[in-house]
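In what follows, a structure is listed as structure tokens, so that the remarks can point back to it.
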Amino acid sequence: MVNPHTLARPSIERSSLPPNETQIKMLYYMKLTRELEDRIERKLYKQGKIVGGVYVGRGQEAIAVGSCIDLRDDDAVCPSHRDMGAFLIRGMSLRTILAQYMGRKTGATGGKDANMHMGSLEHDLIAFVSMLGDNVPVAAGIGLSFKMRGQDRVVVCFFGEGATSRGDWHEGVNMAAVLKCPVVYVCNNNQYAYSTPLERQMAVENVADRAEAYGIPGEIVDGNDVFAVWYAVRRAIERARAGAGPALIECKTFRMTGHSAHDDAGYVPTELFEYWKERDPIRRLERELIERNVITAAGIDEIQNGVKAEIDEAIRLAESDPYPDPEDCLRGVYFEG
Amino acid sequence: MALTTYLEAIRQGMWEEMEQDDRVFVLGEDVGIYGGAFKVTAGMLEKFGELRVIDTPISESAIVGAAIGAALMGMRPIAEMQFADFISCAFDQITNFAAKCRYRWGAGVPIVIRAPSGGGVHGGPFHSQNPEMYFVHTPGLKVVCPATAYDAKGLIKASIRDPDPVIYFEHKFLYRRIKEELPEGDFTTPIGKAAIRRKGSDISVITYGAMVYTALDAAKELEKEGIDLEVLDLRSLLPFDREAVLDSVKRTNKVILLHEDTRIGGFAGELAAVISEEAFEYLDGPIRRITAPDTPVPYSPPLEGFFLPKTSDVIRVARELYAY
Amino acid sequence: MADTKVIMPQMGESIFEGTLTKWLKKQGDRVERDEPLFEISTDKVDSEIPAPASGTLREILVQEGQTVQINTIVAVIGDEAAKPAEKPAAPAAAEPKREAPKPAAKAPPPPEARPPLQEREGAGEEAEAERIRSSPLVRRIAKEHGVDLAALAGKGTGTDGRITKSDILSYIEQGGVRAPERPAAPAAAPPPVTFAGDVERRPMSAMRKSIAEHMVMSRRTSAHVTTFFEVDCSRIYQAREKHKPEFERSGVRLTITPFFVQAAVRALQKFPIVNSSVDGDTIVYKKAINIGIAVHLEWGLIVPVIKNADEKSLLGLARAMNDLGERARNKKLSPDDVKDGTFTITNPGQYGSLTGAPIINQPQVAIMGMGGIKKRAVVIDDAIAIRPMIILSLSFDHRVIDGAVADQFMAEVQRQLENWED
């Protein structure tokens, strides 16, 4: 049984492409994301070097990469747990990310929080909380602050389709719409929230259908086409920068993994995995880039080897980083001057 | 100099901060055009404009969430909950997002959430609550409860300037009943410090909010029969002034813990434990609590009259404790 | 290169054990890092586990089919060729980082040790204090001032007779024990006296009656024991000679007795139990040291008291004794002069007695008797010397003073006298 929602019905087509340089950068980041998450989920976690939860965005790499690749340094990003590409593009180091996963002192939170719960004010990267959807009003507030200061910065906020069931999501989108905040809301609709398929999550067909209810534009794109994502989000960003308020971009994709590393997704019909495997965003991009002579096969291998080497080195460093002092538990609750 | 009400003192404090720091702004329901349900923000929209006094939809969660986002970007938002009772709608944003950012990723969230709390106004269950303890129980937050006009101004300023999230419970019963002459110039009340409202030698009454006046009224009565109450106004619940509490108990050796909040899980329980742990050998009698009963706040006047702790309760318990 | 331990990983937050279903390599095989090494099965998922390091699979510790807790070492990857296992496989070798839900058997912290009792006799004291209703504050104040709460028993002004802070504070302010009213013990009437012959019956004087009653009552009340000490008075004789002229210049006649008073005072400071009283089953320690000196007069026995003798110098003591003695002889003593003594000294040697076993002056618990001072031949360093010797006796109440304590007390008196220094 093929999920009727698997058929992506993009409401816009990409009508232009980024420069070649950017295209190659996109490939690099997507491959970096894929390789990093493979190592985290399929190796480090199973070797007992990472404990607790592991959540990867396998098969969804195009969404974070396409959305973030052209952001300005002073724009802000509110990622969720399947947006590793956002962290990498914004400048968080591999070592910091790996140390974070391994609970080391040198990790993004010094061991205070786990896996993707990372943030960095320096990079305008906002750490999300497990109450998914909470970042939606927060993004509205971030956008509001830009408006108040007369800045043309924007904030891109990511969430899955499951998060759009939460009250905070609706309050936040409404608030952003009413106050015309420069926010681009990007929905990673990978069609499963843990074991809950789309049709048990909502009665509307598309998340983007909700945009109308809040008076903002909604777009549907093929989430596995990095250029489609890039195009749609860029347009929304420019709109927001110009003061026209928020938009909702729904990226249709599929979660090619369990909800987390310990979930084998046995509840997903195998046909769906097979269908979406054909539509892998990285394979697609590689094929297209080769077709358009933007890169050669050797060039792709070079990127792959480079990515592996970077990650090897980062793992080596992070693995030998110290754990935090047990008494660090007590520190950092309040401002300590 | 003119007398300033508790309510006006809050407005003054916010106004002065907004004048000298353009990062400070207000958002909430009916705060702009209407000047706030209680008129605390009256005049501010005209003075500071609609980018700094923002009327929002009915979305407590988004009000707090947006405040968090703006604060992360360096602003100093004051989010108003129309009634403290509605703060529960924003519980998750407050306790899981705002309270934990600094601990988790070193990002301060300098927001102030103003919440008109307390009963005695015929408000019923949803317009009379004292929900402070949900937040006192959340590390990463600060909780303050001014009782005087001076502290209403001093604490709102201190809260706005504080780099961490502060929940500011303003007692609606006191809004227009308390009038004081306030000093000129900039002053703040330090968060985490209590104030002795009446020095005494027989029994310490430790309290906060509107109950401070209940305690003082009782003290005046008891004076006539030679019972000398000390009244300690906590002013802050998180952090609270442990030293002042212990010092008072060590001097009088008998203590009454008084609050308008309900009994189980109320702040008196925490204080009783601290006093017992740290001043056991100074106690000349059992620690007594005077609180509201464990019920929602009822509406009809005889019911609410029963619910709220009264001066006569304080007098009765003080006499019992004195004689012990 | 160090060995790498291969562990059973935790695949999921609530998982605490896993079954090793299949080894994909044999012991001794070369393995590469990240290469599939073994397979596991848990409640949530079956999984293939990659090798955490490159090297030789030196030792397999957990066999196929075994179920072990997470973080158990299942194998060791080493750098060299396989060596015979040095330790037998211990499946439960590793301490799991997160315990399976067992209640942590953590002993509750020991109850805070009670602050140590000061050196006082009477082990049952604390228990006594607690049975009397007071409060933590009151008990602390009582302890700090060495007050036995039993002294206030029944006198508390708090609810249900609780001893309050103001009760204990005013008690302390008034400084000391008021002798508790003792209901007169009903005396068993002695048999009437019969005598074959003439008799003259004279009624007793009031004082005589009182002395008679007191003596009998004292014997009935205390468990009288007497100990005897022989003391060399040469040092104090020398001191007396030295001080006599200067004291006389101050108008004070210096006898030998003040030295004994001073020595007794110092010993009482060291052994406060000898300065106490017994009230039911409570020992009442008195802060003040008031020495009564028994004076024999024609019309009877009287015991004027030197109040706060510990605050007086030798001169002060001598002066007080002069004064009291004179007033006693002239019948000019006030009731206050004969009240509140805490220890008595009597002088059986006055009329030549070698020593005596005096009766305790109630409500005190000891009385010291001074025998006659006589020059005697004594042995010192195996030679015979002539020294003025006295036999001191101490009658003591064995209810609260044990023999050893009485002797230690007297040894101290002796030490003070025989090593007299100004």
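Chain labels A, B, ... are given in the sequence in which chains occur in the structure tokens; within each chain residues are numbered consecutively from 1, and ligands are likewise numbered from 1 in the order shown.
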
**Study point:** Residue set, range 101-221 of chain B restricted to strand (DSSP E), as a ChimeraX atom specification
**Key:** /B:112-117,142-144,166-171,179-181,195-198,203-207

message = Need the shell around Glu180 in chain B: protein/DNA/RNA residues with any atom at most 9 Å away, counting only C-alpha atoms. Skip same-chain ones fewer than 6 positions apart. Format as a PyMOL selection string?
response = chain B and resi 2-6+148-150

Output N, CA and C atoms for every residue in the selection just made, as a compact mmCIF listing (two decimals), in the first residue's frame.
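Output (selection12.txt):
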# COMPACT_ATOMS: atom_id res chain seq x y z
N ALA B 2 3.55 63.62 45.88
CA ALA B 2 2.29 62.89 45.76
C ALA B 2 2.46 61.42 46.17
N LEU B 3 1.34 60.81 46.55
CA LEU B 3 1.36 59.39 46.87
C LEU B 3 1.24 58.59 45.58
N THR B 4 1.99 57.53 45.49
CA THR B 4 1.95 56.67 44.31
C THR B 4 1.33 55.35 44.70
N THR B 5 0.37 54.88 43.88
CA THR B 5 -0.20 53.57 44.19
C THR B 5 0.77 52.48 43.73
N TYR B 6 0.53 51.31 44.27
CA TYR B 6 1.29 50.10 43.90
C TYR B 6 1.24 49.93 42.38
N THR B 148 4.91 46.20 48.64
CA THR B 148 4.79 47.65 48.80
C THR B 148 4.95 48.34 47.45
N ALA B 149 4.51 49.59 47.39
CA ALA B 149 4.65 50.34 46.15
C ALA B 149 6.14 50.53 45.85
N TYR B 150 6.89 50.78 46.88
CA TYR B 150 8.34 50.95 46.70
C TYR B 150 8.93 49.72 46.03

### Message
To one decimal place in Å, what is the distance between CA of Val284 in chain C and CA of Arg133 in chain C?
### Response
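One can read the CA of Val284 in chain C to CA of Arg133 in chain C distance as 18.2 Å.
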
Using only C-alpha atoms, which residues sit within 10 Å of Val307 in chain A once same-chain residues fewer than 3 positions away are excluded, as a PyMOL selection string?
chain A and resi 28-29+31-36+301-304+310-312

What would the file look like if the residues just selected were written as a PDB file, in the first residue's frame with C-alpha atoms?
ATOM      1  CA  TYR A  28      29.299  18.786   0.011  1.00  0.00           C
ATOM      2  CA  TYR A  29      27.014  19.672   2.905  1.00  0.00           C
ATOM      3  CA  LYS A  31      27.224  14.362   1.867  1.00  0.00           C
ATOM      4  CA  LEU A  32      28.799  15.637   5.064  1.00  0.00           C
ATOM      5  CA  THR A  33      25.430  15.388   6.815  1.00  0.00           C
ATOM      6  CA  ARG A  34      24.822  11.878   5.517  1.00  0.00           C
ATOM      7  CA  GLU A  35      28.241  10.546   6.428  1.00  0.00           C
ATOM      8  CA  LEU A  36      28.220  12.216   9.861  1.00  0.00           C
ATOM      9  CA  ASP A 301      34.599  10.701  -4.868  1.00  0.00           C
ATOM     10  CA  GLU A 302      36.981  13.409  -3.804  1.00  0.00           C
ATOM     11  CA  ILE A 303      34.257  15.118  -1.845  1.00  0.00           C
ATOM     12  CA  GLN A 304      33.299  11.796  -0.273  1.00  0.00           C
ATOM     13  CA  GLU A 310      37.168  15.275   8.179  1.00  0.00           C
ATOM     14  CA  ILE A 311      34.842  13.104  10.192  1.00  0.00           C
ATOM     15  CA  ASP A 312      37.536  10.562  11.084  1.00  0.00           C
TER      16      ASP A 312
END

- Close residues, range 133-141 of chain B itself excluded, 9 Å, only C-alpha atoms, min 5 positions apart in chain, as a list in words: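 Result of the neighbour search: Gly332, Val333 and Tyr334 of chain A; Phe91, Ile94, Thr95, Ala98, Ala99, Lys100, Cys101, Arg102, Tyr103, Asp164, Pro165, Val166, Ile167, Leu237, Leu238, Pro239, Asp261, Gly265, Gly266 and Phe267 of chain B.
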
Inset, instruction - Measuring atom to atom with only C-alpha atoms, identify which of B:Phe169, B:Tyr175, B:Tyr34, B:Phe25 is nearest to Ile54 in chain B. - result: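 Among the listed residues, B:Phe25 lies closest to Ile54 in chain B.
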
Any idea which chain B residues end up within 9 Å of chain C if we count only C-alpha atoms, as an MDAnalysis selection string please? chainID B and resid 253 280:286 320 322:324

Determine, using only C-alpha atoms, which residues of chain A have any atom at most 9 Å from an atom of chain B, and tabulate each with its shortest atom pair and distance in Å to one decimal place, rows ordered by chain and then rising number, as a tab-separated table.
residue	atom	partner	partner_atom	distance
A:Ala108	CA	B:Trp105	CA	6.9
A:Thr109	CA	B:Trp105	CA	4.9
A:Gly110	CA	B:Trp105	CA	7.9
A:Gly111	CA	B:Arg104	CA	8.2
A:Lys112	CA	B:Arg104	CA	5.2
A:Asp113	CA	B:Arg104	CA	5.8
A:His117	CA	B:Arg104	CA	8.3
A:Met118	CA	B:Trp105	CA	6.8
A:Gly119	CA	B:Trp105	CA	6.1
A:Ser120	CA	B:Trp105	CA	7.0
A:Leu121	CA	B:Ala107	CA	6.7
A:Asp124	CA	B:Met73	CA	8.2
A:Ile126	CA	B:Leu72	CA	8.3
A:Ala127	CA	B:Trp105	CA	7.3
A:Phe128	CA	B:Phe97	CA	8.0
A:Val129	CA	B:Phe97	CA	6.5
A:Ser130	CA	B:Asn96	CA	8.6
A:Met131	CA	B:Asp92	CA	7.8
A:Asp134	CA	B:Gln93	CA	6.7
A:Asn135	CA	B:Gly65	CA	7.5
A:Val136	CA	B:Gly65	CA	7.8
A:Pro137	CA	B:Gly65	CA	4.7
A:Val138	CA	B:Gly69	CA	4.2
A:Ala139	CA	B:Gly69	CA	5.9
A:Ala140	CA	B:Ala66	CA	5.5
A:Gly141	CA	B:Ala66	CA	3.4
A:Ile142	CA	B:Gly69	CA	4.4
A:Gly143	CA	B:Ala70	CA	7.6
A:Leu144	CA	B:Ala70	CA	6.7
A:Ser145	CA	B:Ala70	CA	5.1
A:Phe146	CA	B:Ala70	CA	8.4
A:Lys147	CA	B:Leu51	CA	8.2
A:Met148	CA	B:Leu51	CA	5.8
A:Arg149	CA	B:Arg23	CA	8.8
A:Gly167	CA	B:Ser61	CA	8.4
A:Asp168	CA	B:Ser61	CA	6.2
A:Trp169	CA	B:Ala62	CA	8.6
A:His170	CA	B:Ala62	CA	8.8
A:Glu171	CA	B:Ala62	CA	5.4
A:Gly172	CA	B:Ala62	CA	5.2
A:Val173	CA	B:Ala62	CA	8.8
A:Asn174	CA	B:Pro57	CA	8.0
A:Met175	CA	B:Pro57	CA	6.7
A:Ala176	CA	B:Ala66	CA	8.8
A:Val178	CA	B:Pro57	CA	8.0
A:Leu179	CA	B:Thr56	CA	8.0
A:Arg331	CA	B:Tyr103	CA	7.5
A:Gly332	CA	B:Tyr103	CA	4.8
A:Val333	CA	B:Tyr103	CA	4.8
A:Tyr334	CA	B:Gly140	CA	5.8
A:Phe335	CA	B:Pro163	CA	6.4

Selection export as a compact mmCIF listing (two decimals), in the first residue's frame, atoms kept: C-alpha atoms:
# COMPACT_ATOMS: atom_id res chain seq x y z
CA ALA A 108 28.03 22.14 22.35
CA THR A 109 26.31 22.03 25.74
CA GLY A 110 29.22 20.82 27.85
CA GLY A 111 27.31 17.64 28.56
CA LYS A 112 24.25 19.42 29.86
CA ASP A 113 22.00 18.25 27.04
CA HIS A 117 19.74 19.81 21.48
CA MET A 118 22.49 22.21 20.51
CA GLY A 119 22.62 25.93 19.99
CA SER A 120 25.05 28.78 19.69
CA LEU A 121 24.15 32.43 20.05
CA ASP A 124 22.45 32.69 15.73
CA ILE A 126 18.78 28.45 18.54
CA ALA A 127 18.76 25.22 20.57
CA PHE A 128 15.37 23.56 20.37
CA VAL A 129 13.60 21.71 23.18
CA SER A 130 11.98 18.30 23.08
CA MET A 131 8.54 19.89 23.14
CA ASP A 134 7.96 25.34 20.98
CA ASN A 135 10.45 26.93 18.61
CA VAL A 136 7.67 28.32 16.44
CA PRO A 137 6.63 31.17 18.75
CA VAL A 138 10.27 31.67 19.67
CA ALA A 139 11.06 32.20 15.99
CA ALA A 140 8.25 34.74 15.82
CA GLY A 141 9.88 36.61 18.69
CA ILE A 142 13.25 36.50 17.00
CA GLY A 143 11.71 37.96 13.88
CA LEU A 144 9.91 40.53 15.98
CA SER A 145 13.20 41.71 17.45
CA PHE A 146 14.59 42.25 13.93
CA LYS A 147 11.56 44.29 13.05
CA MET A 148 11.78 46.35 16.19
CA ARG A 149 15.37 47.24 15.47
CA GLY A 167 -0.96 24.35 20.19
CA ASP A 168 2.28 26.28 20.34
CA TRP A 169 2.76 25.80 16.59
CA HIS A 170 -0.57 27.41 15.85
CA GLU A 171 -0.15 30.20 18.36
CA GLY A 172 3.30 30.92 17.02
CA VAL A 173 2.38 30.99 13.33
CA ASN A 174 -0.62 33.14 14.12
CA MET A 175 1.46 35.53 16.17
CA ALA A 176 4.09 35.78 13.45
CA VAL A 178 -0.44 39.04 12.85
CA LEU A 179 2.74 40.87 13.79
CA ARG A 331 26.78 25.20 37.40
CA GLY A 332 25.15 27.47 34.89
CA VAL A 333 21.58 27.52 36.19
CA TYR A 334 21.72 31.26 36.61
CA PHE A 335 23.84 34.10 35.33

Within 10 Å of chain A, which residues of chain C show up? Give each one with its shortest atom-to-atom distance in Å (one decimal) and the two atoms involved, counting only C-alpha atoms, rows by chain then rising residue number, as CSV.
residue,atom,partner,partner_atom,distance
C:Val6,CA,A:Gln47,CA,7.4
C:Ile7,CA,A:Gly48,CA,6.7
C:Met8,CA,A:Gly48,CA,7.1
C:Pro9,CA,A:Gly48,CA,4.5
C:Gln10,CA,A:Gly48,CA,6.6
C:Met11,CA,A:His262,CA,5.1
C:Gly12,CA,A:His262,CA,5.0
C:Glu13,CA,A:Gly52,CA,5.7
C:Ser14,CA,A:Gly52,CA,9.4
C:Ile15,CA,A:His262,CA,9.5
C:Arg33,CA,A:Lys43,CA,9.4
C:Asp34,CA,A:Lys43,CA,6.2
C:Glu35,CA,A:Lys43,CA,9.0
C:Pro36,CA,A:Lys43,CA,9.3
C:Thr42,CA,A:His262,CA,9.5
C:Asp43,CA,A:His262,CA,9.9
C:Lys44,CA,A:His262,CA,6.6
C:Val45,CA,A:Asp264,CA,6.1
C:Asp46,CA,A:Asp264,CA,8.2
C:Ser47,CA,A:Lys46,CA,8.3
C:Glu48,CA,A:Lys46,CA,8.0
C:Ile49,CA,A:Lys46,CA,5.5
C:Pro50,CA,A:Lys43,CA,6.1
C:Ala51,CA,A:Gln47,CA,6.9
C:Pro52,CA,A:Gln47,CA,5.7
C:Ala53,CA,A:Gln47,CA,9.4
C:Ile70,CA,A:Gly48,CA,9.0
C:Asn71,CA,A:Gly48,CA,7.5
C:Lys97,CA,A:Val51,CA,9.9

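Across the model, the gap from CA of Leu94 in chain A to CA of Arg255 in chain A is 23.1 Å.
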
From B:Glu278, B:Glu181, B:Asp233, B:Glu170, residue lying nearest Arg11 in chain B [only C-alpha atoms]: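 Checking each candidate against Arg11 in chain B, we get B:Glu170 as the closest.
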
Residues within 6 Å of range 224-240 of chain C, please, as a JSON list (two decimals) with N, CA and C atoms, in the first residue's frame. Count only C-alpha atoms; anything in the same chain fewer than 4 positions from it doesn't count.
[["chain", "number", "residue", "atom", "x", "y", "z"],
["C", 244, "LYS", "N", 51.25, 35.53, 107.80],
["C", 244, "LYS", "CA", 50.62, 36.02, 109.05],
["C", 244, "LYS", "C", 50.85, 37.51, 109.29],
["C", 357, "ALA", "N", 34.32, 10.95, 111.36],
["C", 357, "ALA", "CA", 33.53, 10.61, 110.16],
["C", 357, "ALA", "C", 32.24, 11.41, 110.26],
["C", 388, "PRO", "N", 54.36, 17.89, 110.40],
["C", 388, "PRO", "CA", 53.02, 18.08, 110.99],
["C", 388, "PRO", "C", 51.98, 17.44, 110.09],
["C", 389, "MET", "N", 51.33, 16.45, 110.61],
["C", 389, "MET", "CA", 50.40, 15.69, 109.78],
["C", 389, "MET", "C", 48.98, 15.89, 110.25],
["C", 390, "ILE", "N", 48.10, 15.81, 109.34],
["C", 390, "ILE", "CA", 46.67, 15.88, 109.66],
["C", 390, "ILE", "C", 45.97, 14.72, 108.98],
["C", 391, "ILE", "N", 44.96, 14.20, 109.62],
["C", 391, "ILE", "CA", 44.11, 13.25, 108.91],
["C", 391, "ILE", "C", 42.84, 13.98, 108.51],
["C", 392, "LEU", "N", 42.65, 14.06, 107.18],
["C", 392, "LEU", "CA", 41.42, 14.67, 106.66],
["C", 392, "LEU", "C", 40.44, 13.56, 106.33],
["C", 393, "SER", "N", 39.21, 13.82, 106.68],
["C", 393, "SER", "CA", 38.20, 12.82, 106.31],
["C", 393, "SER", "C", 37.19, 13.46, 105.38],
["C", 394, "LEU", "N", 36.63, 12.65, 104.55],
["C", 394, "LEU", "CA", 35.54, 13.11, 103.70],
["C", 394, "LEU", "C", 34.40, 12.12, 103.80],
["C", 395, "SER", "N", 33.31, 12.58, 104.43],
["C", 395, "SER", "CA", 32.10, 11.75, 104.38],
["C", 395, "SER", "C", 31.34, 12.17, 103.12],
["C", 396, "PHE", "N", 30.94, 11.20, 102.34],
["C", 396, "PHE", "CA", 30.29, 11.55, 101.08],
["C", 396, "PHE", "C", 29.07, 10.67, 100.83],
["C", 397, "ASP", "N", 28.22, 11.18, 99.99],
["C", 397, "ASP", "CA", 26.95, 10.49, 99.68],
["C", 397, "ASP", "C", 27.17, 9.55, 98.50],
["C", 414, "GLN", "N", 44.70, 17.13, 98.95],
["C", 414, "GLN", "CA", 46.03, 16.83, 99.50],
["C", 414, "GLN", "C", 47.11, 17.48, 98.66],
["C", 418, "GLU", "N", 49.80, 20.08, 100.02],
["C", 418, "GLU", "CA", 51.20, 19.67, 100.13],
["C", 418, "GLU", "C", 52.10, 20.39, 99.13],
["C", 420, "TRP", "N", 51.57, 23.70, 98.33],
["C", 420, "TRP", "CA", 51.00, 25.04, 98.40],
["C", 420, "TRP", "C", 51.93, 26.06, 97.79]]

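For the choices B:Gly120, B:Leu308, B:Lys47, B:Ile178, the atom-to-atom distance to Glu19 in chain B is smallest for B:Lys47 when using only C-alpha atoms.
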
Among B:Thr311, B:Tyr299, B:Ile264, B:Thr252, Asp217 in chain B is approached most closely, using only C-alpha atoms, by B:Thr311

Computed gap from CA of Glu250 in chain A to CA of Arg200 in chain A is 18.0 Å

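Proximity of A:Ala244, A:Leu27, A:Ala99, A:Val154 to Arg287 in chain A, computed with only C-alpha atoms, is greatest for A:Leu27.
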
inquiry  = Based on the backbone DSSP call, show me all residues of range 73-289 of chain A assigned alpha helix (DSSP H), as an NGL selection string.
reply    = :A and (84-90 or 94-101 or 135-148 or 167-178 or 226-241 or 270-277 or 281-289)
